[in-house]
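Colleague: One file is attached below, my_file08.cif, containing mmCIF, C-alpha atoms.
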data_query
loop_
_atom_site.label_atom_id
_atom_site.label_comp_id
_atom_site.auth_asym_id
_atom_site.auth_seq_id
_atom_site.Cartn_x
_atom_site.Cartn_y
_atom_site.Cartn_z
CA MET A 324 7.07 36.76 24.80
CA THR A 325 6.27 34.51 21.88
CA GLN A 326 5.29 35.04 18.28
CA GLU A 327 3.14 32.82 16.09
CA LYS A 328 4.45 31.72 12.75
CA LYS A 329 2.78 29.73 9.98
CA ILE A 330 5.20 27.39 8.22
CA THR A 331 4.32 26.12 4.76
CA VAL A 332 5.35 22.47 4.61
CA LYS A 333 3.69 20.81 1.57
CA LYS A 334 5.18 17.45 2.36
CA GLN A 335 3.42 14.12 2.32
CA ALA A 336 2.78 12.39 5.60
CA TYR A 337 4.13 9.30 3.86
CA LEU A 338 7.35 11.15 2.99
CA VAL A 339 9.65 9.15 5.27
CA ASN A 340 8.04 5.84 4.24
CA ASP A 341 8.16 6.74 0.54
CA GLU A 342 11.79 7.81 0.70
CA ILE A 343 12.73 4.45 2.23
CA ALA A 344 10.55 2.66 -0.34
CA ASP A 345 12.26 4.50 -3.21
CA LYS A 346 15.65 3.60 -1.75
CA ILE A 347 14.68 -0.08 -1.57
CA ARG A 348 13.40 0.02 -5.19
CA HIS A 349 16.59 1.74 -6.32
CA ILE A 350 18.86 -0.80 -4.59
CA MET A 351 16.86 -3.74 -6.00
CA LYS A 352 17.07 -2.30 -9.51
CA GLU A 353 20.75 -1.52 -9.19
CA LYS A 354 21.47 -5.06 -8.03
CA ASP A 355 19.19 -6.54 -10.71
CA LYS A 356 16.83 -8.12 -8.16
CA LEU A 357 13.06 -8.52 -8.32
CA PHE A 358 10.81 -7.51 -5.44
CA PHE A 359 7.06 -8.18 -5.37
CA ASN A 360 4.45 -7.07 -2.85
CA ILE A 361 1.66 -9.63 -2.48
CA MET A 362 -1.50 -8.18 -0.97
CA GLY A 363 -4.92 -9.66 -0.35
CA SER A 364 -7.42 -10.43 2.34
CA ILE A 365 -7.12 -13.05 5.05
CA GLY A 366 -7.66 -16.50 3.57
CA ALA A 367 -7.31 -15.44 -0.08
CA GLY A 368 -4.54 -17.99 -0.52
CA LYS A 369 -1.47 -15.73 -0.57
CA THR A 370 0.63 -18.11 1.49
CA LEU A 371 -0.26 -21.25 -0.46
CA LEU A 372 0.38 -19.34 -3.68
CA LEU A 373 3.81 -18.34 -2.36
CA GLU A 374 4.46 -21.95 -1.37
CA ARG A 375 3.71 -23.03 -4.94
CA ILE A 376 5.84 -20.21 -6.35
CA ALA A 377 8.69 -21.18 -4.01
CA GLU A 378 8.45 -24.82 -5.13
CA LYS A 379 8.75 -23.73 -8.76
CA LEU A 380 11.45 -21.12 -8.31
CA THR A 381 13.80 -22.41 -5.63
CA PRO A 382 15.48 -25.00 -7.88
CA HIS A 383 16.63 -22.09 -10.06
CA TYR A 384 16.61 -18.95 -7.91
CA LYS A 385 17.35 -17.92 -4.35
CA ILE A 386 14.13 -16.61 -2.87
CA PHE A 387 13.65 -14.38 0.16
CA VAL A 388 10.14 -13.91 1.54
CA ILE A 389 9.12 -11.38 4.18
CA ASN A 390 5.82 -12.38 5.78
CA GLY A 391 3.66 -9.84 7.56
CA ASP A 392 1.13 -11.01 10.11
CA VAL A 393 -0.30 -9.69 13.32
CA ALA A 394 0.97 -12.79 15.13
CA THR A 395 2.59 -16.24 14.67
CA THR A 396 5.29 -17.49 12.29
CA ILE A 397 2.95 -19.96 10.57
CA ASP A 398 3.22 -18.41 7.09
CA ALA A 399 6.99 -17.93 7.19
CA ASP A 400 7.43 -21.53 8.40
CA ARG A 401 5.20 -22.91 5.63
CA ILE A 402 7.04 -21.08 2.85
CA ALA A 403 10.45 -21.89 4.35
CA ALA A 404 9.52 -25.58 4.14
CA LYS A 405 9.37 -25.11 0.34
CA GLY A 406 12.98 -23.98 0.11
CA ALA A 407 12.77 -20.19 0.38
CA THR A 408 14.47 -18.17 3.08
CA THR A 409 11.78 -16.45 5.08
CA VAL A 410 11.40 -13.97 7.88
CA GLN A 411 8.23 -13.24 9.77
CA ILE A 412 7.33 -9.71 10.81
CA ASN A 413 4.73 -9.63 13.56
CA THR A 414 3.02 -6.27 13.38
CA GLY A 415 1.16 -6.58 16.68
CA GLY A 416 -1.95 -4.56 15.91
CA GLY A 417 -0.55 -3.15 12.65
CA CYS A 418 -2.73 -3.73 9.60
CA HIS A 419 -0.04 -3.31 6.92
CA LEU A 420 3.67 -3.60 6.22
CA SER A 421 5.66 -0.43 5.62
CA ALA A 422 8.96 0.34 3.91
CA ASN A 423 10.66 0.83 7.25
CA LEU A 424 9.77 -2.71 8.35
CA ILE A 425 11.05 -4.13 5.06
CA GLN A 426 14.28 -2.12 5.26
CA LYS A 427 14.98 -3.43 8.77
CA GLU A 428 14.77 -7.01 7.50
CA LEU A 429 16.88 -6.27 4.43
CA ASP A 430 19.53 -4.72 6.67
CA LYS A 431 19.91 -8.08 8.41
CA ILE A 432 20.78 -9.98 5.21
CA ASN A 433 23.10 -9.66 2.26
CA ILE A 434 20.79 -8.77 -0.64
CA ASP A 435 23.34 -10.23 -3.05
CA ASP A 436 22.66 -13.68 -1.57
CA TYR A 437 19.17 -13.72 -3.14
CA ASP A 438 17.62 -13.25 -6.59
CA ILE A 439 13.92 -12.63 -5.98
CA PHE A 440 12.18 -11.05 -3.01
CA PHE A 441 8.53 -11.24 -1.98
CA ALA A 442 6.64 -9.42 0.75
CA GLU A 443 3.46 -11.15 1.83
CA ASN A 444 1.56 -8.24 3.27
CA VAL A 445 -0.82 -8.42 6.22
CA GLY A 446 -4.19 -9.87 5.18
CA ASN A 447 -6.20 -6.75 4.42
CA LEU A 448 -7.65 -5.21 1.25
CA ILE A 449 -7.60 -1.62 2.50
CA CYS A 450 -4.59 -0.38 4.50
CA PRO A 451 -1.69 -2.02 2.56
CA ALA A 452 -2.80 -0.08 -0.55
CA ALA A 453 -1.62 3.18 0.97
CA TRP A 454 1.83 2.04 2.09
CA ASP A 455 4.59 1.65 -0.47
CA VAL A 456 6.96 -1.13 0.62
CA GLY A 457 9.49 -0.51 -2.16
CA ALA A 458 8.39 -3.35 -4.43
CA GLN A 459 8.66 -3.09 -8.21
CA MET A 460 5.21 -4.60 -8.62
CA ASN A 461 2.07 -4.88 -6.50
CA ILE A 462 -0.03 -8.03 -6.84
CA VAL A 463 -3.49 -8.36 -5.30
CA VAL A 464 -4.85 -11.83 -4.60
CA VAL A 465 -8.57 -12.40 -4.13
CA SER A 466 -10.36 -15.72 -4.07
CA ILE A 467 -13.70 -16.64 -5.54
CA THR A 468 -14.91 -17.72 -2.09
CA GLU A 469 -14.68 -14.14 -0.81
CA GLY A 470 -17.94 -13.22 -2.48
CA GLU A 471 -18.79 -12.01 -5.94
CA TYR A 472 -18.45 -8.32 -4.99
CA VAL A 473 -15.02 -8.40 -3.38
CA ILE A 474 -13.35 -6.39 -6.18
CA LYS A 475 -16.22 -3.91 -6.48
CA LYS A 476 -16.02 -3.30 -2.76
CA HIS A 477 -12.26 -2.73 -2.66
CA PRO A 478 -11.35 -1.01 -5.94
CA ILE A 479 -8.58 1.24 -4.64
CA ILE A 480 -6.11 -1.52 -3.86
CA PHE A 481 -6.51 -2.75 -7.47
CA LYS A 482 -5.89 0.74 -8.87
CA GLY A 483 -2.28 0.43 -7.69
CA ALA A 484 -1.78 -3.18 -8.74
CA ALA A 485 -0.08 -4.56 -11.84
CA ILE A 486 -1.62 -8.01 -11.47
CA ALA A 487 -4.95 -9.19 -10.03
CA VAL A 488 -4.89 -12.87 -9.12
CA ILE A 489 -8.29 -14.54 -8.89
CA ASN A 490 -7.52 -17.57 -6.74
CA LYS A 491 -9.33 -20.79 -5.81
CA CYS A 492 -10.59 -21.18 -9.39
CA ASP A 493 -10.64 -24.95 -8.87
CA LEU A 494 -13.95 -24.23 -7.11
CA ASP A 495 -15.43 -22.62 -10.22
CA GLY A 496 -18.88 -24.03 -10.85
CA LEU A 497 -19.12 -25.54 -7.38
CA GLY A 498 -21.27 -22.74 -6.05
CA PHE A 499 -18.63 -20.13 -6.88
CA ASP A 500 -18.05 -18.16 -10.03
CA SER A 501 -14.80 -16.53 -11.13
CA GLY A 502 -16.55 -14.78 -14.06
CA ASN A 503 -17.81 -11.77 -12.12
CA LEU A 504 -14.46 -11.17 -10.48
CA VAL A 505 -12.57 -11.41 -13.78
CA GLU A 506 -15.03 -8.96 -15.35
CA ASP A 507 -14.78 -6.51 -12.44
CA ALA A 508 -10.98 -6.69 -12.38
CA GLY A 509 -11.00 -5.89 -16.09
CA LYS A 510 -13.10 -2.79 -15.43
CA ILE A 511 -10.69 -1.40 -12.84
CA LYS A 512 -8.12 -0.45 -15.47
CA SER A 513 -7.05 -1.87 -18.78
CA ASP A 514 -3.36 -2.21 -17.97
CA MET A 515 -3.80 -4.63 -15.09
CA ARG A 516 -3.17 -8.29 -15.85
CA VAL A 517 -5.90 -10.61 -14.53
CA ILE A 518 -4.90 -14.22 -13.86
CA CYS A 519 -7.09 -17.06 -12.61
CA THR A 520 -5.24 -19.47 -10.36
CA SER A 521 -5.71 -22.30 -7.97
CA ALA A 522 -2.89 -22.47 -5.48
CA LYS A 523 -4.29 -25.84 -4.48
CA THR A 524 -3.96 -27.42 -7.94
CA SER A 525 -1.28 -25.04 -9.36
CA LEU A 526 -3.72 -23.92 -12.08
CA GLY A 527 -2.48 -20.67 -13.64
CA LEU A 528 0.79 -20.76 -11.74
CA GLU A 529 2.94 -20.64 -14.85
CA SER A 530 0.99 -17.66 -16.20
CA LEU A 531 1.52 -15.85 -12.92
CA ILE A 532 5.27 -16.55 -12.90
CA GLU A 533 5.48 -15.36 -16.50
CA ALA A 534 3.51 -12.18 -15.62
CA LEU A 535 6.01 -11.49 -12.84
CA GLY A 536 8.69 -11.45 -15.51
CA ILE A 537 10.48 -14.49 -14.08
CA GLN A 538 11.94 -16.91 -16.59
CA LEU A 539 12.19 -20.57 -15.77
CA PRO A 540 14.94 -22.50 -17.52
CA MET B 629 -6.68 1.34 11.35
CA HIS B 630 -3.70 2.83 9.53
CA GLU B 631 -4.73 6.27 10.81
CA TYR B 632 -2.48 5.62 13.82
CA SER B 633 0.54 5.09 11.51
CA LEU B 634 -0.37 8.26 9.60
CA ALA B 635 -0.83 10.35 12.73
CA SER B 636 2.50 9.07 13.99
CA ALA B 637 4.19 10.00 10.68
CA ILE B 638 2.67 13.50 10.86
CA VAL B 639 3.85 14.02 14.45
CA GLU B 640 7.38 12.84 13.65
CA GLN B 641 7.70 15.26 10.72
CA VAL B 642 6.18 18.20 12.57
CA LYS B 643 8.39 17.56 15.59
CA LYS B 644 11.45 18.01 13.35
CA ILE B 645 10.01 21.20 11.80
CA ALA B 646 9.17 22.66 15.22
CA LEU B 647 12.61 21.91 16.61
CA GLY B 648 14.19 23.39 13.48
CA HIS B 649 12.38 26.67 14.20
CA ASN B 650 13.11 26.58 17.94
CA ALA B 651 9.35 26.52 18.55
CA SER B 652 7.98 26.13 22.04
CA LYS B 653 4.54 24.95 20.90
CA VAL B 654 2.81 23.45 17.90
CA LYS B 655 -0.55 25.22 17.60
CA THR B 656 -2.23 23.86 14.46
CA ILE B 657 -1.28 21.35 11.78
CA THR B 658 -3.23 21.50 8.55
CA VAL B 659 -3.16 18.41 6.36
CA SER B 660 -4.87 17.74 3.04
CA ALA B 661 -6.15 14.40 1.81
CA ASP B 662 -7.67 12.96 -1.29
CA PRO B 663 -11.30 11.83 -0.83
CA TYR B 664 -10.13 8.32 -1.75
CA GLU B 665 -7.11 8.31 0.50
CA MET B 666 -8.89 5.84 2.81
CA VAL B 667 -8.48 8.09 5.81
CA ILE B 668 -11.28 8.36 8.33
CA PRO B 669 -10.96 11.96 9.61
CA ASP B 670 -12.32 11.26 13.10
CA LEU B 671 -10.02 8.28 13.55
CA LEU B 672 -7.02 10.31 12.35
CA LYS B 673 -7.80 13.06 14.86
CA GLU B 674 -8.33 10.51 17.61
CA ALA B 675 -5.01 8.83 16.85
CA TYR B 676 -3.32 12.25 16.78
CA GLY B 677 -4.77 13.01 20.22
CA ILE B 678 -3.51 9.71 21.64
CA ILE B 679 -0.01 10.17 20.22
CA THR B 680 0.38 13.80 21.32
CA ASP B 681 -1.33 13.43 24.69
CA GLU B 682 1.87 13.46 26.69
CA LEU B 683 4.00 15.53 24.33
CA GLU B 684 4.48 19.01 25.80
CA LEU B 685 5.39 20.46 22.39
CA PHE B 686 1.96 19.43 21.04
CA LYS B 687 -0.14 20.28 24.13
CA ASP B 688 -3.56 21.74 23.09
CA SER B 689 -2.59 21.57 19.40
CA LYS B 690 -5.16 20.96 16.65
CA LEU B 691 -5.05 18.79 13.57
CA GLU B 692 -7.15 20.14 10.71
CA LEU B 693 -7.96 18.06 7.65
CA LEU B 694 -8.81 19.49 4.22
CA ILE B 695 -10.44 17.09 1.76
CA LEU B 696 -9.34 17.76 -1.84
CA PRO B 697 -11.47 17.12 -4.95
CA ALA B 698 -10.96 13.76 -6.65
CA GLU B 699 -8.49 13.61 -9.56
CA ILE B 700 -8.21 11.04 -12.32
CA ILE B 701 -5.73 10.30 -15.10
CA CYS B 702 -7.36 8.96 -18.26
CA ILE B 703 -5.59 5.93 -19.74
CA ASP B 704 -7.19 6.64 -23.15
CA CYS B 705 -6.46 10.37 -23.59
CA ASP B 706 -4.00 11.23 -20.75
CA HIS B 707 -6.35 13.90 -19.41
CA LYS B 708 -5.59 14.71 -15.79
CA GLY B 709 -8.16 16.45 -13.63
CA GLU B 710 -11.46 16.12 -11.84
CA PRO B 711 -13.72 13.35 -13.15
CA SER B 712 -16.91 14.38 -14.95
CA ILE B 713 -19.09 12.65 -12.40
CA GLU B 714 -18.25 11.22 -9.02
CA GLY B 715 -18.27 7.54 -9.78
CA ASP B 716 -20.55 5.04 -11.31
CA ASP B 717 -23.64 3.50 -9.71
CA GLU B 718 -22.56 0.09 -10.85
CA PHE B 719 -18.87 0.36 -10.10
CA ALA B 720 -17.46 2.57 -7.34
CA TYR B 721 -14.52 4.83 -8.19
CA ASN B 722 -14.74 3.84 -11.86
CA PHE B 723 -14.60 7.50 -12.80
CA LYS B 724 -15.43 8.91 -16.19
CA CYS B 725 -12.92 11.14 -17.97
CA ALA B 726 -14.25 14.69 -18.27
CA LYS B 727 -12.52 15.10 -21.64
CA CYS B 728 -13.13 11.91 -23.65
CA GLY B 729 -15.74 10.08 -21.58
CA SER B 730 -13.67 6.92 -21.12
CA ARG B 731 -14.03 5.02 -17.88
CA ASP B 732 -10.57 3.51 -18.31
CA THR B 733 -9.02 5.82 -15.74
CA HIS B 734 -6.54 5.73 -12.92
CA LEU B 735 -7.52 7.33 -9.66
CA ASN B 736 -4.71 9.79 -8.99
CA ILE B 737 -4.69 9.73 -5.23
CA ARG B 738 -2.93 12.74 -3.71
CA HIS B 739 -1.59 11.29 -0.50
CA LEU B 740 -2.05 12.88 2.86
CA THR B 741 0.06 16.03 2.84
CA ILE B 742 1.16 18.31 5.64
CA GLU B 743 0.22 21.72 4.23
CA THR B 744 1.08 24.15 7.03
CA VAL B 745 2.13 24.15 10.65
CA ASP B 746 1.37 27.04 13.01
CA LEU B 747 4.09 27.35 15.62
CA GLU B 748 4.60 29.40 18.74
CA ILE B 749 8.18 30.67 18.78
CA PRO B 750 9.82 32.47 21.73
CA GLU B 751 11.07 35.97 20.76
#
Take the structure I supplied and represent it as structure tokens, if you would.

Modeller:
Amino acid sequence: MTQEKKITVKKQAYLVNDEIADKIRHIMKEKDKLFFNIMGSIGAGKTLLLERIAEKLTPHYKIFVINGDVATTIDADRIAAKGATTVQINTGGGCHLSANLIQKELDKINIDDYDIFFAENVGNLICPAAWDVGAQMNIVVVSITEGEYVIKKHPIIFKGAAIAVINKCDLDGLGFDSGNLVEDAGKIKSDMRVICTSAKTSLGLESLIEALGIQLP
Amino acid sequence: MHEYSLASAIVEQVKKIALGHNASKVKTITVSADPYEMVIPDLLKEAYGIITDELELFKDSKLELLILPAEIICIDCDHKGEPSIEGDDEFAYNFKCAKCGSRDTHLNIRHLTIETVDLEIPE
């Protein structure tokens, strides 16, 4: 004999992920570390931007970068060549990083050995928005070559971001226009910082580093 | 295709609940989602089916999805609730505050939540 019972749960499906993410955020705050989650589509320039950031920061800070990609260690290798310590997570078919994946990598290191942490999320403007990785700040990178409607088409990821980076602005006027993207990013919400950059030329890099709250001596 | 990750997270939580109640079967799981959660219901159910296919505890179980009304938080007046209209022709999800009319709003996404689980428990 069996009986049927309805159990009220009222718990988020993301509960386990979010608990780990909160723990990561708490540890980073307690240890006075910075942790940023860099999101954006494939080819937006996230890796080159992180290479430029690493070049600027590594003379003064110890940087740890967790790269998320479906396959290869190309991104981690590129950023490591600029002086940061990097680790590549290959997600297989996974379209986003999660707090669990970040925690596993943090467990392998001594957090005290580093000052600033970055996660370069899997190239995707949809799925990473839903998964908290425990960062203190989410940054979304789009490039002006992705089309003038890229922000309008993917507003949700920007709703959770503190900074929108409009990259490849060195191509402004060469058949591409950053104006529409800057305007659209401004319409998403007033408290999001919008910064035009060119990872290729380092345009806007100092503004971005300042917006991250990182001081350079 | 993060529906697979979500379905997996649901199954892991429900498995613990079922074991905690000494259940022999999970019959129905009801989850709620925000309309802007970025969940495709059919894909979520398909992923759930794939994950539970060989799990005896979940054999013949159903996953039901309730879609909640949208909710915004107004940056200008702090109003929290349903937007006055669903979106903006020019700018998707740029919802208008029902109280002050501002479009400077956050979308308050209520993440996918396990509401109830119907279990079969041996007497």

Colleague: Return as an mmCIF file with C-alpha atoms, keeping the file's coordinate frame the residues belonging to chain A that are within 12 Å of chain B, counting all atoms listed in the file.

Modeller:
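Here's the written file selection.cif:
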data_model
loop_
_atom_site.group_PDB
_atom_site.id
_atom_site.type_symbol
_atom_site.label_atom_id
_atom_site.label_comp_id
_atom_site.auth_asym_id
_atom_site.auth_seq_id
_atom_site.Cartn_x
_atom_site.Cartn_y
_atom_site.Cartn_z
ATOM 1 C CA MET A 324 7.070 36.760 24.800
ATOM 2 C CA THR A 325 6.270 34.510 21.880
ATOM 3 C CA GLN A 326 5.290 35.040 18.280
ATOM 4 C CA GLU A 327 3.140 32.820 16.090
ATOM 5 C CA LYS A 328 4.450 31.720 12.750
ATOM 6 C CA LYS A 329 2.780 29.730 9.980
ATOM 7 C CA ILE A 330 5.200 27.390 8.220
ATOM 8 C CA THR A 331 4.320 26.120 4.760
ATOM 9 C CA VAL A 332 5.350 22.470 4.610
ATOM 10 C CA LYS A 333 3.690 20.810 1.570
ATOM 11 C CA LYS A 334 5.180 17.450 2.360
ATOM 12 C CA GLN A 335 3.420 14.120 2.320
ATOM 13 C CA ALA A 336 2.780 12.390 5.600
ATOM 14 C CA TYR A 337 4.130 9.300 3.860
ATOM 15 C CA LEU A 338 7.350 11.150 2.990
ATOM 16 C CA VAL A 339 9.650 9.150 5.270
ATOM 17 C CA ASN A 340 8.040 5.840 4.240
ATOM 18 C CA ASP A 341 8.160 6.740 0.540
ATOM 19 C CA THR A 414 3.020 -6.270 13.380
ATOM 20 C CA GLY A 416 -1.950 -4.560 15.910
ATOM 21 C CA GLY A 417 -0.550 -3.150 12.650
ATOM 22 C CA CYS A 418 -2.730 -3.730 9.600
ATOM 23 C CA HIS A 419 -0.040 -3.310 6.920
ATOM 24 C CA LEU A 420 3.670 -3.600 6.220
ATOM 25 C CA SER A 421 5.660 -0.430 5.620
ATOM 26 C CA ASN A 423 10.660 0.830 7.250
ATOM 27 C CA ASN A 447 -6.200 -6.750 4.420
ATOM 28 C CA LEU A 448 -7.650 -5.210 1.250
ATOM 29 C CA ILE A 449 -7.600 -1.620 2.500
ATOM 30 C CA CYS A 450 -4.590 -0.380 4.500
ATOM 31 C CA PRO A 451 -1.690 -2.020 2.560
ATOM 32 C CA ALA A 452 -2.800 -0.080 -0.550
ATOM 33 C CA ALA A 453 -1.620 3.180 0.970
ATOM 34 C CA TRP A 454 1.830 2.040 2.090
ATOM 35 C CA ASP A 455 4.590 1.650 -0.470
ATOM 36 C CA TYR A 472 -18.450 -8.320 -4.990
ATOM 37 C CA VAL A 473 -15.020 -8.400 -3.380
ATOM 38 C CA ILE A 474 -13.350 -6.390 -6.180
ATOM 39 C CA LYS A 475 -16.220 -3.910 -6.480
ATOM 40 C CA LYS A 476 -16.020 -3.300 -2.760
ATOM 41 C CA HIS A 477 -12.260 -2.730 -2.660
ATOM 42 C CA PRO A 478 -11.350 -1.010 -5.940
ATOM 43 C CA ILE A 479 -8.580 1.240 -4.640
ATOM 44 C CA ILE A 480 -6.110 -1.520 -3.860
ATOM 45 C CA PHE A 481 -6.510 -2.750 -7.470
ATOM 46 C CA LYS A 482 -5.890 0.740 -8.870
ATOM 47 C CA GLY A 483 -2.280 0.430 -7.690
ATOM 48 C CA ALA A 484 -1.780 -3.180 -8.740
ATOM 49 C CA GLU A 506 -15.030 -8.960 -15.350
ATOM 50 C CA ASP A 507 -14.780 -6.510 -12.440
ATOM 51 C CA ALA A 508 -10.980 -6.690 -12.380
ATOM 52 C CA GLY A 509 -11.000 -5.890 -16.090
ATOM 53 C CA LYS A 510 -13.100 -2.790 -15.430
ATOM 54 C CA ILE A 511 -10.690 -1.400 -12.840
ATOM 55 C CA LYS A 512 -8.120 -0.450 -15.470
ATOM 56 C CA SER A 513 -7.050 -1.870 -18.780
ATOM 57 C CA ASP A 514 -3.360 -2.210 -17.970
ATOM 58 C CA MET A 515 -3.800 -4.630 -15.090
#

Colleague: Using only C-alpha atoms, which residue out of B:Glu682, B:Asn650, B:Ala726, B:Leu691 lies closest to B:Lys708?

Modeller: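 Of B:Glu682, B:Asn650, B:Ala726, B:Leu691, the one nearest B:Lys708, counting only C-alpha atoms, is B:Ala726.
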
Colleague: Atom CA of A:Glu443 and atom CA of A:Gly496, how far apart in Å?

Modeller: 28.7 Å

Colleague: So how many Å separate atom CA of A:Asn503 and atom CA of B:Ile701, to one decimal?

Modeller: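 Interatomic distance here is 25.3 Å.
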
Colleague: Rank B:Ala675, B:Cys725, B:Leu683, B:Ile668 by their smallest atom-to-atom distance to B:Gly709, using all atoms listed in the file, and report the top residue only.

Modeller: B:Cys725

Colleague: With all atoms listed in the file as the counted atoms, please give the residues lying no more than 6 Å from A:Ala442, apart from itself and same-chain residues fewer than 6 positions off, as a list of chain:residue names.

Modeller: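 Here the qualifying residues turn out to be A:Asn360, A:Ile361, A:Val388, A:Ile389, A:Asn390.
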
Colleague: Go ahead and write the residues just picked, C-alpha atoms, as an mmCIF file, in the frame of the given file.

Modeller:
data_model
loop_
_atom_site.group_PDB
_atom_site.id
_atom_site.type_symbol
_atom_site.label_atom_id
_atom_site.label_comp_id
_atom_site.auth_asym_id
_atom_site.auth_seq_id
_atom_site.Cartn_x
_atom_site.Cartn_y
_atom_site.Cartn_z
ATOM 1 C CA ASN A 360 4.450 -7.070 -2.850
ATOM 2 C CA ILE A 361 1.660 -9.630 -2.480
ATOM 3 C CA VAL A 388 10.140 -13.910 1.540
ATOM 4 C CA ILE A 389 9.120 -11.380 4.180
ATOM 5 C CA ASN A 390 5.820 -12.380 5.780
#

Colleague: Do you have the atom CA of A:Ile532-atom CA of A:Leu380 distance handy?

Modeller: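 Atom CA of A:Leu380 lies 9.0 Å from atom CA of A:Ile532.
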
Colleague: Closest to A:Gly470 among A:Gly527, A:Gly368, A:Pro382, A:Gly498, using all atoms listed in the file?

Modeller: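 For A:Gly470, the nearest of the candidates is A:Gly498.
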
Colleague: Starting from the PyMOL selection byres ((chain A and resi 499) around 12), expand the selection into actual residues of this file and give them as a PyMOL selection string.

Modeller: chain A and resi 466-472+489-498+500-504

Colleague: I'd like the residues picked by the PyMOL selection byres ((chain A and resi 376) around 10) written out as a VMD selection string, using the chain letters and numbers from the file.

Modeller: chain A and resid 370 to 375 377 to 381 386 402 405 407 522 525 528 to 529 531 to 532

Colleague: Go ahead and write the selection's residues with C-alpha atoms as a short mmCIF file (atom, residue, chain, number, x, y, z; two decimals), in the coordinates of the input.

Modeller:
data_model
loop_
_atom_site.label_atom_id
_atom_site.label_comp_id
_atom_site.auth_asym_id
_atom_site.auth_seq_id
_atom_site.Cartn_x
_atom_site.Cartn_y
_atom_site.Cartn_z
CA THR A 370 0.63 -18.11 1.49
CA LEU A 371 -0.26 -21.25 -0.46
CA LEU A 372 0.38 -19.34 -3.68
CA LEU A 373 3.81 -18.34 -2.36
CA GLU A 374 4.46 -21.95 -1.37
CA ARG A 375 3.71 -23.03 -4.94
CA ALA A 377 8.69 -21.18 -4.01
CA GLU A 378 8.45 -24.82 -5.13
CA LYS A 379 8.75 -23.73 -8.76
CA LEU A 380 11.45 -21.12 -8.31
CA THR A 381 13.80 -22.41 -5.63
CA ILE A 386 14.13 -16.61 -2.87
CA ILE A 402 7.04 -21.08 2.85
CA LYS A 405 9.37 -25.11 0.34
CA ALA A 407 12.77 -20.19 0.38
CA ALA A 522 -2.89 -22.47 -5.48
CA SER A 525 -1.28 -25.04 -9.36
CA LEU A 528 0.79 -20.76 -11.74
CA GLU A 529 2.94 -20.64 -14.85
CA LEU A 531 1.52 -15.85 -12.92
CA ILE A 532 5.27 -16.55 -12.90
#
